[in-house]
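Here's entry05.cif, which has mmCIF, C-alpha atoms:
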data_target
#
loop_
_atom_site.label_atom_id
_atom_site.label_comp_id
_atom_site.auth_asym_id
_atom_site.auth_seq_id
_atom_site.Cartn_x
_atom_site.Cartn_y
_atom_site.Cartn_z
CA MET W 1 -2.19 -14.75 -41.33
CA THR W 2 -4.79 -12.00 -41.09
CA GLU W 3 -3.26 -8.60 -40.46
CA HIS W 4 -4.45 -6.80 -37.37
CA PHE W 5 -5.84 -3.37 -38.18
CA VAL W 6 -3.44 -1.75 -35.71
CA ASP W 7 -0.57 -3.14 -37.83
CA THR W 8 -1.70 -1.43 -41.02
CA PRO W 9 0.61 1.27 -42.46
CA ALA W 10 -1.83 4.09 -41.73
CA VAL W 11 -2.13 3.21 -38.03
CA GLN W 12 1.59 2.52 -37.62
CA ASP W 13 2.35 5.88 -39.24
CA LEU W 14 -0.05 7.55 -36.77
CA LEU W 15 1.62 5.81 -33.82
CA GLU W 16 5.04 6.89 -35.03
CA LYS W 17 3.94 10.52 -35.24
CA LEU W 18 1.85 10.72 -32.05
CA SER W 19 4.69 9.25 -29.99
CA GLY W 20 7.21 11.73 -31.41
CA GLY W 21 9.09 9.08 -33.34
CA ASP W 22 9.45 11.43 -36.29
CA GLN W 23 10.98 14.18 -34.12
CA ALA W 24 14.64 14.56 -33.22
CA THR W 25 13.83 16.01 -29.80
CA GLY W 26 12.23 14.33 -26.79
CA ASP W 27 13.09 11.42 -24.51
CA PRO W 28 13.49 8.12 -26.43
CA ARG W 29 12.32 6.03 -23.47
CA ILE W 30 9.15 8.09 -23.01
CA LYS W 31 8.50 7.93 -26.76
CA ALA W 32 8.74 4.14 -26.71
CA ILE W 33 6.47 3.83 -23.67
CA VAL W 34 3.84 6.18 -25.13
CA ARG W 35 3.88 4.27 -28.40
CA ARG W 36 3.40 0.95 -26.61
CA ILE W 37 0.58 2.19 -24.35
CA VAL W 38 -1.37 3.93 -27.10
CA GLY W 39 -0.72 1.08 -29.53
CA ASP W 40 -2.07 -1.44 -27.02
CA LEU W 41 -5.14 0.75 -26.53
CA PHE W 42 -5.66 0.92 -30.31
CA ALA W 43 -5.37 -2.88 -30.46
CA THR W 44 -7.93 -3.27 -27.67
CA ILE W 45 -10.38 -0.97 -29.45
CA ASP W 46 -9.91 -3.03 -32.61
CA GLU W 47 -10.14 -6.48 -31.00
CA PHE W 48 -13.34 -5.69 -29.09
CA SER W 49 -14.87 -3.38 -31.71
CA VAL W 50 -15.20 -0.62 -29.12
CA SER W 51 -17.75 1.92 -30.32
CA ASP W 52 -17.35 5.68 -30.16
CA ASP W 53 -19.95 5.83 -27.40
CA GLU W 54 -18.14 3.15 -25.39
CA PHE W 55 -14.81 4.90 -25.80
CA TRP W 56 -16.09 8.29 -24.66
CA ALA W 57 -18.07 6.73 -21.81
CA ALA W 58 -14.86 5.07 -20.58
CA LEU W 59 -12.85 8.27 -20.90
CA ASN W 60 -15.49 10.32 -19.09
CA PHE W 61 -15.64 7.66 -16.37
CA ALA W 62 -11.87 7.88 -15.91
CA ILE W 63 -11.94 11.67 -15.73
CA ALA W 64 -14.71 11.63 -13.10
CA GLY W 65 -12.98 8.82 -11.20
CA ALA W 66 -9.60 10.53 -10.99
CA PRO W 67 -9.81 11.16 -7.20
CA GLU W 68 -9.88 7.37 -6.71
CA PHE W 69 -6.98 6.50 -9.02
CA GLY W 70 -4.98 5.36 -5.99
CA LEU W 71 -7.69 2.80 -5.27
CA TRP W 72 -7.84 1.81 -8.94
CA ALA W 73 -4.13 0.99 -8.74
CA ALA W 74 -4.82 -1.29 -5.77
CA GLY W 75 -8.09 -2.82 -6.93
CA LEU W 76 -6.94 -3.56 -10.48
CA GLY W 77 -3.80 -5.24 -9.21
CA LEU W 78 -1.29 -2.69 -10.47
CA GLU W 79 0.35 -2.19 -7.07
CA ARG W 80 0.49 -5.93 -6.49
CA TYR W 81 2.03 -6.39 -9.93
CA LEU W 82 4.83 -3.97 -9.05
CA ASP W 83 5.53 -6.02 -5.91
CA ILE W 84 5.52 -9.32 -7.85
CA ARG W 85 7.96 -7.80 -10.32
CA ALA W 86 10.23 -6.51 -7.53
CA ASP W 87 10.14 -9.92 -5.80
CA ALA W 88 11.13 -11.60 -9.06
CA ALA W 89 14.03 -9.19 -9.52
CA ASP W 90 15.24 -9.98 -5.98
CA ALA W 91 14.98 -13.71 -6.63
CA ALA W 92 16.94 -13.37 -9.87
CA ALA W 93 19.63 -11.44 -8.00
CA GLY W 94 19.81 -14.07 -5.25
CA ILE W 95 18.39 -11.72 -2.61
CA THR W 96 16.54 -13.72 0.04
CA GLY W 97 15.15 -13.15 3.51
CA GLY W 98 13.92 -9.90 4.95
CA THR W 99 10.36 -8.85 5.68
CA PRO W 100 8.15 -9.16 2.60
CA ARG W 101 6.98 -6.03 0.86
CA THR W 102 3.35 -5.38 0.06
CA ILE W 103 1.33 -2.47 -1.24
CA GLU W 104 1.21 1.00 0.30
CA GLY W 105 -2.32 2.02 -0.66
CA PRO W 106 -3.36 5.67 -1.08
CA LEU W 107 -3.92 6.74 2.54
CA TYR W 108 -0.49 7.64 3.93
CA VAL W 109 -0.13 11.15 5.39
CA ALA W 110 3.28 12.70 5.99
CA GLY W 111 4.27 14.39 9.24
CA ALA W 112 2.87 12.06 11.90
CA PRO W 113 4.10 12.80 15.45
CA GLU W 114 7.46 11.19 16.18
CA SER W 115 8.76 9.63 19.39
CA THR W 116 11.47 7.20 20.44
CA GLY W 117 10.71 3.67 21.53
CA PHE W 118 6.98 4.00 22.22
CA ALA W 119 3.91 5.99 21.16
CA ARG W 120 0.21 5.95 21.81
CA MET W 121 -1.55 6.16 18.45
CA ASP W 122 -5.23 6.62 19.31
CA ASP W 123 -6.80 9.76 20.79
CA GLY W 124 -9.10 7.83 23.16
CA SER W 125 -12.29 8.78 21.33
CA GLU W 126 -13.23 5.14 20.71
CA ASP W 127 -12.39 3.75 24.13
CA ASP W 128 -15.97 2.57 24.65
CA LYS W 129 -16.09 0.41 21.51
CA ALA W 130 -12.50 -0.36 20.52
CA GLU W 131 -10.26 -3.23 21.54
CA VAL W 132 -6.94 -2.00 22.87
CA LEU W 133 -3.92 -3.15 20.88
CA ILE W 134 -0.28 -3.31 21.92
CA LEU W 135 1.93 -3.74 18.87
CA HIS W 136 5.66 -4.17 19.43
CA GLY W 137 8.79 -5.73 18.04
CA GLN W 138 12.32 -5.16 16.84
CA VAL W 139 13.88 -3.85 13.63
CA ARG W 140 16.96 -5.81 12.52
CA ASP W 141 19.09 -6.27 9.44
CA VAL W 142 18.94 -9.61 7.63
CA ASN W 143 21.87 -10.86 9.71
CA GLY W 144 19.94 -10.35 12.94
CA ARG W 145 21.65 -7.18 14.13
CA PRO W 146 19.29 -4.64 15.79
CA LEU W 147 18.93 -1.36 13.91
CA VAL W 148 19.06 1.48 16.42
CA GLY W 149 17.38 4.70 15.32
CA ALA W 150 15.34 3.03 12.57
CA LYS W 151 12.11 4.80 11.67
CA VAL W 152 8.83 2.86 11.93
CA GLU W 153 5.89 4.77 10.46
CA ILE W 154 2.52 3.22 11.29
CA TRP W 155 -1.01 4.09 10.18
CA HIS W 156 -4.35 2.29 10.19
CA ALA W 157 -8.12 2.73 10.18
CA ASN W 158 -10.46 3.21 13.14
CA THR W 159 -13.40 1.00 14.16
CA LEU W 160 -15.47 2.41 11.30
CA GLY W 161 -12.80 1.64 8.72
CA ASN W 162 -11.88 5.30 8.27
CA TYR W 163 -8.50 7.06 8.27
CA SER W 164 -7.73 10.38 9.90
CA TYR W 165 -7.07 13.35 7.60
CA PHE W 166 -9.39 11.83 4.98
CA ASP W 167 -12.09 11.43 7.65
CA LYS W 168 -12.47 14.96 9.00
CA SER W 169 -14.36 13.76 12.09
CA GLN W 170 -11.12 12.36 13.53
CA SER W 171 -8.46 14.36 15.31
CA ASP W 172 -5.24 15.25 13.49
CA TYR W 173 -2.96 12.24 13.08
CA ASN W 174 -5.27 9.91 14.97
CA LEU W 175 -3.92 6.38 14.48
CA ARG W 176 -0.79 7.70 12.75
CA ARG W 177 2.59 7.70 14.46
CA THR W 178 6.32 7.47 13.77
CA VAL W 179 8.42 5.55 16.28
CA ILE W 180 12.21 5.70 16.27
CA THR W 181 13.67 2.43 17.52
CA ASP W 182 15.46 2.46 20.87
CA ALA W 183 18.96 1.29 21.83
CA GLU W 184 17.89 -2.32 21.20
CA GLY W 185 16.19 -1.57 17.90
CA ARG W 186 12.76 -1.96 19.47
CA TYR W 187 9.50 -0.14 18.82
CA ALA W 188 6.11 -0.31 20.54
CA VAL W 189 2.74 1.38 20.18
CA ARG W 190 -0.52 1.34 22.05
CA SER W 191 -3.45 1.64 19.67
CA ILE W 192 -6.77 0.00 18.86
CA VAL W 193 -7.52 -3.03 16.71
CA PRO W 194 -8.64 -1.72 13.31
CA VAL W 195 -11.46 -3.20 11.26
CA GLY W 196 -11.69 -4.01 7.59
CA TYR W 197 -13.51 -1.73 5.20
CA ALA W 198 -14.76 -1.40 1.64
CA CYS W 199 -13.91 1.03 -1.13
CA PRO W 200 -16.18 4.11 -1.11
CA ALA W 201 -19.83 3.31 -1.79
CA GLY W 202 -21.01 4.83 -5.06
CA GLY W 203 -17.45 5.61 -6.14
CA SER W 204 -15.64 4.79 -9.34
CA THR W 205 -13.64 1.90 -7.85
CA GLU W 206 -16.81 0.19 -6.67
CA ALA W 207 -18.34 0.73 -10.12
CA ILE W 208 -15.40 -0.93 -11.89
CA LEU W 209 -15.30 -3.87 -9.52
CA SER W 210 -19.07 -4.39 -9.68
CA ALA W 211 -18.93 -4.38 -13.49
CA ILE W 212 -16.48 -7.30 -13.45
CA GLY W 213 -18.22 -9.17 -10.65
CA ARG W 214 -15.79 -8.40 -7.82
CA HIS W 215 -16.22 -6.99 -4.32
CA GLY W 216 -14.27 -4.05 -2.91
CA ASN W 217 -13.53 -5.27 0.63
CA ARG W 218 -10.23 -5.21 2.49
CA PRO W 219 -9.40 -7.22 5.62
CA ALA W 220 -8.32 -5.35 8.76
CA HIS W 221 -4.70 -4.35 8.40
CA ILE W 222 -1.95 -2.03 9.63
CA HIS W 223 0.38 -0.11 7.30
CA PHE W 224 4.12 0.40 7.77
CA PHE W 225 7.02 2.29 6.31
CA VAL W 226 10.23 1.00 7.91
CA SER W 227 13.53 2.70 7.11
CA ALA W 228 17.07 2.97 8.42
CA ASP W 229 20.29 4.51 7.18
CA HIS W 230 22.04 2.43 4.52
CA HIS W 231 19.11 0.00 4.31
CA ARG W 232 16.30 -0.54 1.85
CA HIS W 233 13.08 1.27 2.60
CA LEU W 234 10.33 -1.24 3.37
CA THR W 235 6.67 -0.70 2.52
CA THR W 236 4.46 -3.38 4.02
CA GLN W 237 1.28 -4.23 5.94
CA LEU W 238 0.23 -6.62 8.68
CA ASN W 239 -3.16 -8.30 8.45
CA ILE W 240 -5.30 -9.02 11.49
CA ASP W 241 -5.74 -12.78 11.73
CA GLY W 242 -9.32 -14.03 11.70
CA ASP W 243 -10.75 -11.35 9.41
CA PRO W 244 -13.29 -12.87 6.96
CA TYR W 245 -11.55 -11.22 4.00
CA LEU W 246 -8.05 -12.23 5.12
CA HIS W 247 -7.37 -14.16 1.91
CA ASP W 248 -9.90 -12.34 -0.26
CA ASP W 249 -8.48 -8.82 -0.25
CA PHE W 250 -9.62 -6.73 -3.21
CA ALA W 251 -6.16 -5.10 -3.22
CA TYR W 252 -4.24 -8.43 -3.19
CA ALA W 253 -2.02 -7.26 -0.33
CA THR W 254 -2.26 -10.31 1.96
CA ARG W 255 0.90 -12.36 2.34
CA ASP W 256 1.07 -15.33 4.69
CA GLU W 257 4.31 -14.10 6.26
CA LEU W 258 2.51 -10.88 7.24
CA ILE W 259 -0.28 -12.46 9.32
CA PRO W 260 1.10 -12.50 12.87
CA PRO W 261 -0.83 -14.21 15.67
CA VAL W 262 -3.05 -12.00 17.79
CA HIS W 263 -2.78 -12.85 21.48
CA ARG W 264 -5.55 -11.68 23.81
CA THR W 265 -5.02 -11.37 27.54
CA THR W 266 -6.76 -9.82 30.51
CA SER W 267 -3.66 -8.53 32.25
CA SER W 268 0.11 -8.75 31.97
CA ASN W 269 3.31 -6.92 32.71
CA LEU W 270 3.25 -5.71 29.11
CA GLY W 271 -0.12 -4.04 29.64
CA ALA W 272 1.06 -2.38 32.82
CA LYS W 273 4.19 -1.17 31.07
CA TYR W 274 2.14 0.75 28.53
CA GLY W 275 -0.64 1.94 30.81
CA VAL W 276 -3.31 -0.58 29.82
CA GLU W 277 -5.73 -1.72 32.50
CA GLY W 278 -7.89 -4.69 31.60
CA PRO W 279 -7.97 -6.88 28.49
CA PHE W 280 -6.06 -6.10 25.30
CA ALA W 281 -4.80 -7.66 22.09
CA GLU W 282 -1.07 -8.11 21.53
CA ILE W 283 0.80 -8.40 18.25
CA GLU W 284 4.54 -8.91 18.25
CA PHE W 285 6.25 -8.47 14.90
CA ASP W 286 9.89 -8.01 14.00
CA PHE W 287 11.06 -6.36 10.79
CA GLU W 288 14.19 -7.31 8.86
CA LEU W 289 15.68 -4.88 6.36
CA HIS W 290 18.06 -5.54 3.50
CA ALA W 291 21.15 -3.38 3.08
CA ALA W 292 20.77 -0.80 0.31
CA THR W 293 22.95 -1.55 -2.70
CA ALA W 294 21.68 0.98 -5.25
CA ALA W 295 20.76 4.66 -5.35
CA GLY W 296 17.24 5.44 -4.17
CA GLU W 297 16.68 2.20 -2.26
CA GLU W 298 16.67 3.98 1.10
CA ASP W 299 13.65 6.08 0.09
CA ALA W 300 9.96 5.44 -0.51
CA SER W 301 8.63 5.69 -4.05
CA THR W 302 7.87 9.15 -5.41
CA ARG W 303 4.10 8.69 -5.70
CA ALA W 304 1.99 11.67 -4.62
CA ARG W 305 1.04 11.57 -0.93
CA ALA W 306 -1.02 13.73 1.40
CA LEU W 307 0.86 16.22 3.54
CA ALA W 308 -1.17 17.40 6.52
CA ALA W 309 -0.85 21.03 7.51
#
Would you mind writing the file out in structure tokens?
Amino acid sequence: MTEHFVDTPAVQDLLEKLSGGDQATGDPRIKAIVRRIVGDLFATIDEFSVSDDEFWAALNFAIAGAPEFGLWAAGLGLERYLDIRADAADAAAGITGGTPRTIEGPLYVAGAPESTGFARMDDGSEDDKAEVLILHGQVRDVNGRPLVGAKVEIWHANTLGNYSYFDKSQSDYNLRRTVITDAEGRYAVRSIVPVGYACPAGGSTEAILSAIGRHGNRPAHIHFFVSADHHRHLTTQLNIDGDPYLHDDFAYATRDELIPPVHRTTSSNLGAKYGVEGPFAEIEFDFELHAATAAGEEDASTRARALAA
């Protein structure tokens, strides 16, 4: 069998040294991970005969594209892979039921205004072109018991596909709210129906996807963090049914269980309850949380997130 160049003594010696394998100090797990990552990169360079110019072009591209690394993680399937892996671990442990997880994306902002039971999310600036949305439901455990005082954090794009904080033309925390569930474990928001959007034109994510023949479009969706004491933190999204990219999401976040029906009505007691006059869209969706069984399960991941002033 022909020896791969990366397996030659000179390269293996280099990998041992660069990963700190010849040093008594350092973290053994980090050493092993660094060795694997760099070794796989060496093997890729070898297998595809990557030239010096190609290597430096790729490195320079990555450096320039750093502000979009959060989108790279979504568009190249890394976030989805983490979810697939977590789902497999649950299945192996016999954990079933509960609301499915799906990716967070890079556009969460901490500190959204908090209220109990109900919140209006939009600032009214798009009333002339936006469809009113009433989104409501209940948070329960997997045995059907309502979770009182659960935290439902919600954020989504406007009718141009833009998110407040990152889009400076929007008011602070527009379309971002935190609702604490009421005595029946219920939450409700009045908002607008978001639209789908594409990764930034001319950006590094678009460049990568174009190079491999893919688009950078996402269907309309709504993000959630759902948490409660002694229960697993849930990161998920709902997709808006009928979007042309519903099952062709560049971030691979669509899950069939997370596509609730959208009911449209001209008037109802629900609309009157939340101050809506005229037609609106309604989405009802209940969340089910698993009990936490290990340290850290009650919290979101430690990825870097924006914190608005």
Translate the PyMOL selection byres ((chain W and resi 286) around 10), as applied to the file shown, into an explicit residue set as a list in words.
Thr99, His136, Gly137, Gln138, Val139, Arg140, Gly185, Arg186, Tyr187, Pro260, Glu284, Phe285, Phe287 and Glu288 of chain W
Which residue of W:Thr235, W:Thr205, W:Ser51, W:Asn143 approaches Ala300 in chain W most closely, using only C-alpha atoms
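Checking each of W:Thr235, W:Thr205, W:Ser51, W:Asn143 against Ala300 in chain W, counting only C-alpha atoms, the winner is W:Thr235.
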Pick from W:Ile134, W:Ala211, W:Leu82, W:Ala220, whichever lies nearest to Thr159 in chain W using only C-alpha atoms:
W:Ala220
Could you list, with a cut-off of 10 Å and counting only C-alpha atoms, the residues of range 230-274 of chain W near range 109-133 of chain W, each shown with its nearest atom pair and the distance in Å rounded to one decimal, rows sorted by chain and ascending number, as JSON lines?
{"residue": "W:Val262", "atom": "CA", "partner": "W:Leu133", "partner_atom": "CA", "distance": 9.4}
{"residue": "W:His263", "atom": "CA", "partner": "W:Leu133", "partner_atom": "CA", "distance": 9.8}
{"residue": "W:Arg264", "atom": "CA", "partner": "W:Leu133", "partner_atom": "CA", "distance": 9.2}
{"residue": "W:Gly271", "atom": "CA", "partner": "W:Leu133", "partner_atom": "CA", "distance": 9.6}
{"residue": "W:Tyr274", "atom": "CA", "partner": "W:Phe118", "partner_atom": "CA", "distance": 8.6}
Create the file for the chosen residues now, containing C-alpha atoms and written as a PDB file, in the frame of the given file.
ATOM      1  CA  VAL W 262      -3.050 -12.000  17.790  1.00  0.00           C
ATOM      2  CA  HIS W 263      -2.780 -12.850  21.480  1.00  0.00           C
ATOM      3  CA  ARG W 264      -5.550 -11.680  23.810  1.00  0.00           C
ATOM      4  CA  GLY W 271      -0.120  -4.040  29.640  1.00  0.00           C
ATOM      5  CA  TYR W 274       2.140   0.750  28.530  1.00  0.00           C
TER       6      TYR W 274
END
Record the distance separating CA of Ala291 in chain W and CA of Arg232 in chain W, expressed in Å with one decimal.
5.8 Å
Suppose a student applies the PyMOL selection byres ((chain W and resi 73) around 12) to this structure; what residues should they get, written as a PyMOL selection string?
chain W and resi 66-72+74-82+103-106+205+208+250-253+303
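The interatomic distance for the pair CA of Gly278 in chain W and CA of Ser191 in chain W works out to 14.2 Å.
When the distance limit is 9 Å and all atoms listed in the file are what count, the residues near Ala183 in chain W, minus those fewer than 5 positions from it on the same chain, are Gly117, Pro146, Leu147, Val148 and Gly149 of chain W.
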Using all atoms listed in the file, can you tell me which of W:Thr293, W:Ser169, W:Ser267, W:Thr102 comes closest to Ile222 in chain W?
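The shortest atom-to-atom distance to Ile222 in chain W comes from W:Thr102.
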Specify as number ranges by chain each residue included when the PyMOL selection byres ((chain W and resi 194) around 7) is applied to this file.
W: 156-159, 192-193, 195-196, 220-221
Would you mind reading off the distance between CA of Lys151 in chain W and CA of Ala294 in chain W, one decimal, in Å?
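Those two atoms sit 19.8 Å apart.
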Which residues are near Val152 in chain W? Cut-off 8 Å, all atoms listed in the file, ignore same chain within fewer than 3 positions. Put them as a ChimeraX atom specification.
/W:178-181,187,224-227
What would range 275-289 of chain W look like with N, CA, C and O atoms in place, written as a short mmCIF file (atom, residue, chain, number, x, y, z; two decimals), in the frame of the given file?
data_model
loop_
_atom_site.label_atom_id
_atom_site.label_comp_id
_atom_site.auth_asym_id
_atom_site.auth_seq_id
_atom_site.Cartn_x
_atom_site.Cartn_y
_atom_site.Cartn_z
N GLY W 275 0.50 1.24 30.25
CA GLY W 275 -0.64 1.94 30.81
C GLY W 275 -1.99 1.36 30.47
O GLY W 275 -2.99 2.08 30.48
N VAL W 276 -2.05 0.07 30.18
CA VAL W 276 -3.31 -0.58 29.82
C VAL W 276 -3.84 -1.33 31.03
O VAL W 276 -3.15 -2.20 31.59
N GLU W 277 -5.05 -1.00 31.43
CA GLU W 277 -5.73 -1.72 32.50
C GLU W 277 -6.84 -2.54 31.89
O GLU W 277 -7.68 -2.02 31.16
N GLY W 278 -6.85 -3.84 32.16
CA GLY W 278 -7.89 -4.69 31.60
C GLY W 278 -7.41 -5.41 30.35
O GLY W 278 -6.22 -5.42 30.01
N PRO W 279 -8.34 -6.03 29.62
CA PRO W 279 -7.97 -6.88 28.49
C PRO W 279 -7.43 -6.08 27.30
O PRO W 279 -7.76 -4.91 27.11
N PHE W 280 -6.59 -6.73 26.52
CA PHE W 280 -6.06 -6.10 25.30
C PHE W 280 -5.58 -7.18 24.35
O PHE W 280 -5.39 -8.35 24.72
N ALA W 281 -5.37 -6.79 23.10
CA ALA W 281 -4.80 -7.66 22.09
C ALA W 281 -3.32 -7.31 21.93
O ALA W 281 -2.94 -6.14 22.01
N GLU W 282 -2.51 -8.32 21.71
CA GLU W 282 -1.07 -8.11 21.53
C GLU W 282 -0.61 -8.69 20.20
O GLU W 282 -0.96 -9.83 19.85
N ILE W 283 0.13 -7.91 19.45
CA ILE W 283 0.80 -8.40 18.25
C ILE W 283 2.28 -8.08 18.39
O ILE W 283 2.66 -6.94 18.63
N GLU W 284 3.09 -9.10 18.26
CA GLU W 284 4.54 -8.91 18.25
C GLU W 284 5.04 -9.22 16.85
O GLU W 284 4.77 -10.30 16.30
N PHE W 285 5.76 -8.27 16.26
CA PHE W 285 6.25 -8.47 14.90
C PHE W 285 7.59 -7.78 14.73
O PHE W 285 7.73 -6.60 15.03
N ASP W 286 8.56 -8.54 14.25
CA ASP W 286 9.89 -8.01 14.00
C ASP W 286 10.09 -7.77 12.50
O ASP W 286 9.63 -8.58 11.68
N PHE W 287 10.77 -6.69 12.17
CA PHE W 287 11.06 -6.36 10.79
C PHE W 287 12.53 -6.62 10.49
O PHE W 287 13.40 -6.32 11.33
N GLU W 288 12.81 -7.12 9.31
CA GLU W 288 14.19 -7.31 8.86
C GLU W 288 14.40 -6.57 7.55
O GLU W 288 13.66 -6.79 6.58
N LEU W 289 15.41 -5.71 7.52
CA LEU W 289 15.68 -4.88 6.36
C LEU W 289 16.95 -5.33 5.64
O LEU W 289 17.94 -5.68 6.27
#
